[in-house]
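Engineer: Encoded as structure tokens, here's the structure I'll be asking about.
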Amino acid sequence: MKYICLGYYEPAKHAAMTEDERNAMFDECFEYDDYLRANGHSAGGEALQPPETALTLYWRNGKVATTDGPYVETKEQLGGIGVLEARDMNHAIQLLSQHPVLKYGGLFEIRPAADFNEIMKESEQRRRKNTAG
């Protein structure tokens, strides 16, 4: 089963680290990420640029509106996403609980991925029927 893993960090803590501390953290984290990939537990992921580069889209007064920055103001910021292959939630917790970023103050939110395959097939059939008639 796939689990979406949202990785959060505190920018102030990250900025307070020396270059050597940051390099050591990245080296440990990337080594563990290599382990997850090599053992078939990583199905992808990406780091994110800082929150000030974000743009939030939403619906207001009958049209799309935008706001610069992330939607939620928090001390922790979303730093990246990962897609983890695990047997179940307990296995996902076991795998991520060993990730070195946790000891550097990072945290993970783990959510099961939603399977929309059946919903997408049904939608495709409805849309095909609507364009054929």
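In the structure tokens, each chain is lettered A, B, ... as it comes, each chain's residues begin at 1, and ligands are numbered from 1 in order of appearance.
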Please list as a list in words every residue within 6 Å of A:Cys5, counting only C-alpha atoms and excluding residues in the same chain fewer than 4 positions away.
Structural biologist: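 The residues that qualify are Ile81, Gly82, Glu109 and Ile110 of chain A.
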Engineer: For the residues selected in the previous step, produce a file with all heavy atoms as a CSV table (one decimal), in the first residue's frame.
Structural biologist:
chain,number,residue,atom,x,y,z
A,81,ILE,N,7.6,16.0,0.1
A,81,ILE,CA,6.6,14.9,0.1
A,81,ILE,C,7.4,13.6,-0.3
A,81,ILE,O,8.3,13.7,-1.1
A,81,ILE,CB,5.4,15.1,-0.8
A,81,ILE,CG1,5.8,15.3,-2.2
A,81,ILE,CG2,4.6,16.3,-0.3
A,81,ILE,CD1,4.7,15.2,-3.2
A,82,GLY,N,6.9,12.5,0.2
A,82,GLY,CA,7.4,11.2,-0.2
A,82,GLY,C,6.3,10.2,-0.4
A,82,GLY,O,5.3,10.4,0.2
A,109,GLU,N,4.1,13.6,8.6
A,109,GLU,CA,2.6,13.3,8.7
A,109,GLU,C,2.5,12.2,7.6
A,109,GLU,O,2.9,12.3,6.5
A,109,GLU,CB,1.8,14.5,8.3
A,109,GLU,CG,0.3,14.2,8.2
A,109,GLU,CD,-0.5,15.4,7.8
A,109,GLU,OE1,0.0,16.6,8.0
A,109,GLU,OE2,-1.6,15.2,7.2
A,110,ILE,N,1.9,11.1,8.0
A,110,ILE,CA,1.7,9.9,7.2
A,110,ILE,C,0.3,9.7,6.9
A,110,ILE,O,-0.5,9.6,7.8
A,110,ILE,CB,2.3,8.6,7.8
A,110,ILE,CG1,3.7,8.8,8.2
A,110,ILE,CG2,2.2,7.4,6.9
A,110,ILE,CD1,4.3,7.7,9.1
Engineer: May I have the residues within 8 Å of stretch 111-123 of chain A as number ranges by chain, using only C-alpha atoms and disregarding those fewer than 4 positions away in the same chain?
Structural biologist: A: 1-5, 89, 127
Engineer: Could you jot down the atom CA of A:Lys13 to atom CA of A:Gly105 separation for me, Å, one decimal place?
Structural biologist: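 Answer for the atom CA of A:Lys13 to atom CA of A:Gly105 separation: 7.9 Å.
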Engineer: Would you return as a VMD selection string the members of stretch 6-122 of chain A that DSSP assigns to helix (DSSP H, G or I) on this structure's backbone?
Structural biologist: chain A and resid 11 to 16 19 to 38 51 to 53 89 to 96 100 to 104 117 to 122
Engineer: Could the residues in this selection be written to a file with N, CA and C atoms, as a compact mmCIF listing (two decimals), in the first residue's frame?
Structural biologist:
# COMPACT_ATOMS: atom_id res chain seq x y z
N PRO A 11 12.12 26.23 9.85
CA PRO A 11 13.16 27.00 9.15
C PRO A 11 14.18 27.65 10.08
N ALA A 12 13.74 28.13 11.24
CA ALA A 12 14.67 28.79 12.16
C ALA A 12 15.73 27.81 12.68
N LYS A 13 15.30 26.59 13.00
CA LYS A 13 16.27 25.57 13.45
C LYS A 13 17.24 25.23 12.32
N HIS A 14 16.71 25.10 11.13
CA HIS A 14 17.54 24.77 9.97
C HIS A 14 18.56 25.88 9.72
N ALA A 15 18.12 27.12 9.79
CA ALA A 15 19.01 28.26 9.54
C ALA A 15 20.08 28.39 10.62
N ALA A 16 19.79 27.92 11.85
CA ALA A 16 20.75 28.04 12.95
C ALA A 16 21.85 26.99 12.88
N GLU A 19 27.10 24.87 8.55
CA GLU A 19 27.16 24.16 7.27
C GLU A 19 27.53 22.69 7.49
N ASP A 20 28.47 22.43 8.39
CA ASP A 20 28.85 21.05 8.69
C ASP A 20 27.69 20.26 9.27
N GLU A 21 26.92 20.88 10.17
CA GLU A 21 25.75 20.20 10.75
C GLU A 21 24.71 19.90 9.68
N ARG A 22 24.46 20.87 8.82
CA ARG A 22 23.49 20.65 7.72
C ARG A 22 23.97 19.54 6.80
N ASN A 23 25.25 19.56 6.44
CA ASN A 23 25.79 18.52 5.56
C ASN A 23 25.68 17.15 6.21
N ALA A 24 25.97 17.05 7.49
CA ALA A 24 25.86 15.77 8.21
C ALA A 24 24.41 15.28 8.22
N MET A 25 23.49 16.20 8.46
CA MET A 25 22.07 15.85 8.45
C MET A 25 21.65 15.33 7.07
N PHE A 26 21.99 16.09 6.02
CA PHE A 26 21.62 15.68 4.67
C PHE A 26 22.23 14.33 4.31
N ASP A 27 23.51 14.14 4.67
CA ASP A 27 24.17 12.87 4.37
C ASP A 27 23.46 11.70 5.03
N GLU A 28 23.10 11.85 6.31
CA GLU A 28 22.38 10.79 7.02
C GLU A 28 21.02 10.53 6.39
N CYS A 29 20.31 11.60 6.11
CA CYS A 29 18.96 11.47 5.55
C CYS A 29 19.00 10.83 4.16
N PHE A 30 19.90 11.27 3.32
CA PHE A 30 19.97 10.72 1.96
C PHE A 30 20.44 9.26 1.98
N GLU A 31 21.28 8.92 2.95
CA GLU A 31 21.69 7.52 3.08
C GLU A 31 20.48 6.65 3.43
N TYR A 32 19.63 7.14 4.34
CA TYR A 32 18.44 6.37 4.69
C TYR A 32 17.45 6.32 3.53
N ASP A 33 17.33 7.42 2.80
CA ASP A 33 16.47 7.43 1.61
C ASP A 33 16.96 6.39 0.59
N ASP A 34 18.30 6.27 0.43
CA ASP A 34 18.86 5.25 -0.45
C ASP A 34 18.46 3.85 0.02
N TYR A 35 18.49 3.63 1.33
CA TYR A 35 18.08 2.35 1.90
C TYR A 35 16.61 2.06 1.56
N LEU A 36 15.74 3.06 1.73
CA LEU A 36 14.31 2.86 1.42
C LEU A 36 14.12 2.51 -0.06
N ARG A 37 14.84 3.22 -0.95
CA ARG A 37 14.74 2.94 -2.39
C ARG A 37 15.24 1.53 -2.71
N ALA A 38 16.40 1.19 -2.16
CA ALA A 38 17.01 -0.11 -2.45
C ALA A 38 16.15 -1.27 -1.99
N PRO A 51 8.56 28.15 1.80
CA PRO A 51 7.15 28.52 1.76
C PRO A 51 6.87 29.87 1.09
N GLU A 52 7.83 30.77 1.15
CA GLU A 52 7.60 32.08 0.52
C GLU A 52 7.49 31.98 -1.00
N THR A 53 7.85 30.85 -1.58
CA THR A 53 7.70 30.67 -3.03
C THR A 53 6.33 30.08 -3.39
N MET A 89 -0.11 0.71 7.94
CA MET A 89 0.31 1.92 8.64
C MET A 89 1.42 1.62 9.65
N ASN A 90 1.32 0.50 10.35
CA ASN A 90 2.36 0.16 11.33
C ASN A 90 3.72 -0.01 10.66
N HIS A 91 3.74 -0.61 9.48
CA HIS A 91 4.99 -0.77 8.74
C HIS A 91 5.52 0.60 8.30
N ALA A 92 4.62 1.48 7.83
CA ALA A 92 5.03 2.83 7.43
C ALA A 92 5.64 3.58 8.62
N ILE A 93 5.01 3.44 9.78
CA ILE A 93 5.53 4.09 10.99
C ILE A 93 6.91 3.52 11.33
N GLN A 94 7.03 2.21 11.25
CA GLN A 94 8.31 1.55 11.54
C GLN A 94 9.41 2.08 10.63
N LEU A 95 9.12 2.18 9.33
CA LEU A 95 10.12 2.65 8.37
C LEU A 95 10.51 4.10 8.62
N LEU A 96 9.52 4.97 8.81
CA LEU A 96 9.84 6.40 8.97
C LEU A 96 10.37 6.72 10.36
N PRO A 100 16.59 9.60 9.93
CA PRO A 100 17.42 10.51 10.72
C PRO A 100 16.88 11.92 10.86
N VAL A 101 16.06 12.39 9.94
CA VAL A 101 15.59 13.78 10.03
C VAL A 101 14.82 14.02 11.33
N LEU A 102 14.24 12.98 11.90
CA LEU A 102 13.48 13.14 13.15
C LEU A 102 14.36 13.65 14.29
N LYS A 103 15.60 13.16 14.35
CA LYS A 103 16.47 13.61 15.44
C LYS A 103 16.96 15.04 15.23
N TYR A 104 16.74 15.59 14.04
CA TYR A 104 17.10 16.98 13.76
C TYR A 104 15.90 17.92 13.91
N ASN A 117 -8.78 4.87 -8.73
CA ASN A 117 -8.88 4.17 -10.02
C ASN A 117 -10.33 3.89 -10.41
N GLU A 118 -11.13 3.35 -9.51
CA GLU A 118 -12.52 3.02 -9.82
C GLU A 118 -13.33 4.29 -10.09
N ILE A 119 -13.13 5.31 -9.30
CA ILE A 119 -13.84 6.58 -9.49
C ILE A 119 -13.47 7.20 -10.83
N MET A 120 -12.19 7.10 -11.21
CA MET A 120 -11.74 7.64 -12.50
C MET A 120 -12.36 6.87 -13.65
N LYS A 121 -12.45 5.53 -13.54
CA LYS A 121 -13.08 4.72 -14.59
C LYS A 121 -14.55 5.10 -14.76
N GLU A 122 -15.26 5.24 -13.65
CA GLU A 122 -16.68 5.61 -13.71
C GLU A 122 -16.86 6.99 -14.34
Engineer: So, counting only C-alpha atoms, which residue among A:Gln77, A:Gln125, A:Asn130, A:Gln49 is closest to A:Phe108?
Structural biologist: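 Answer, going by the shortest atom-to-atom distance: A:Gln77.
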Engineer: Please, what distance in Å, to one decimal, runs between atom CA of A:Met17 and atom CA of A:His99?
Structural biologist: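 One can read the atom CA of A:Met17 to atom CA of A:His99 distance as 18.7 Å.
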Engineer: Please give the complete set of residues from stretch 2-133 of chain A that DSSP, run on the backbone, assigns to strand (DSSP E), formatted as a PyMOL selection string.
Structural biologist: chain A and resi 2-9+42-47+55-60+63-68+77-85+107-112
Engineer: When you look at A:Glu76 with a cut-off of 8 Å (counting only C-alpha atoms), what residues show up, excluding the ones that are within fewer than 6 positions of it in the same chain? I need them as a PyMOL selection string.
Structural biologist: chain A and resi 8-11
Engineer: For the residues in the current selection, export all heavy atoms as an mmCIF file, in the first residue's frame.
Structural biologist:
data_model
loop_
_atom_site.group_PDB
_atom_site.id
_atom_site.type_symbol
_atom_site.label_atom_id
_atom_site.label_comp_id
_atom_site.auth_asym_id
_atom_site.auth_seq_id
_atom_site.Cartn_x
_atom_site.Cartn_y
_atom_site.Cartn_z
ATOM 1 N N TYR A 8 7.938 17.853 7.534
ATOM 2 C CA TYR A 8 7.936 19.233 8.025
ATOM 3 C C TYR A 8 9.239 19.541 8.754
ATOM 4 O O TYR A 8 9.874 18.648 9.319
ATOM 5 C CB TYR A 8 6.773 19.449 9.001
ATOM 6 C CG TYR A 8 5.423 19.398 8.344
ATOM 7 C CD1 TYR A 8 4.769 18.190 8.161
ATOM 8 C CD2 TYR A 8 4.815 20.564 7.902
ATOM 9 C CE1 TYR A 8 3.524 18.139 7.545
ATOM 10 C CE2 TYR A 8 3.568 20.520 7.296
ATOM 11 C CZ TYR A 8 2.933 19.302 7.122
ATOM 12 O OH TYR A 8 1.703 19.258 6.520
ATOM 13 N N TYR A 9 9.612 20.814 8.753
ATOM 14 C CA TYR A 9 10.805 21.253 9.461
ATOM 15 C C TYR A 9 10.580 22.677 9.952
ATOM 16 O O TYR A 9 9.656 23.362 9.510
ATOM 17 C CB TYR A 9 12.036 21.205 8.548
ATOM 18 C CG TYR A 9 12.049 22.293 7.494
ATOM 19 C CD1 TYR A 9 12.882 23.397 7.627
ATOM 20 C CD2 TYR A 9 11.210 22.235 6.389
ATOM 21 C CE1 TYR A 9 12.885 24.406 6.678
ATOM 22 C CE2 TYR A 9 11.211 23.238 5.440
ATOM 23 C CZ TYR A 9 12.043 24.320 5.581
ATOM 24 O OH TYR A 9 12.041 25.327 4.643
ATOM 25 N N GLU A 10 11.413 23.106 10.894
ATOM 26 C CA GLU A 10 11.352 24.485 11.380
ATOM 27 C C GLU A 10 12.466 25.274 10.709
ATOM 28 O O GLU A 10 13.650 25.015 10.961
ATOM 29 C CB GLU A 10 11.515 24.537 12.899
ATOM 30 C CG GLU A 10 10.313 24.037 13.652
ATOM 31 C CD GLU A 10 10.458 24.240 15.149
ATOM 32 O OE1 GLU A 10 10.899 25.343 15.567
ATOM 33 O OE2 GLU A 10 10.136 23.292 15.874
ATOM 34 N N PRO A 11 12.123 26.229 9.850
ATOM 35 C CA PRO A 11 13.156 26.996 9.147
ATOM 36 C C PRO A 11 14.175 27.653 10.080
ATOM 37 O O PRO A 11 15.361 27.698 9.762
ATOM 38 C CB PRO A 11 12.355 28.049 8.378
ATOM 39 C CG PRO A 11 11.012 27.421 8.182
ATOM 40 C CD PRO A 11 10.776 26.615 9.432
#
Engineer: Would you mind listing what lies within 6 Å of A:Gly80 as an MDAnalysis selection string, with only C-alpha atoms counted and same-chain residues fewer than 3 positions away left out?
Structural biologist: chainID A and resid 7 46:48
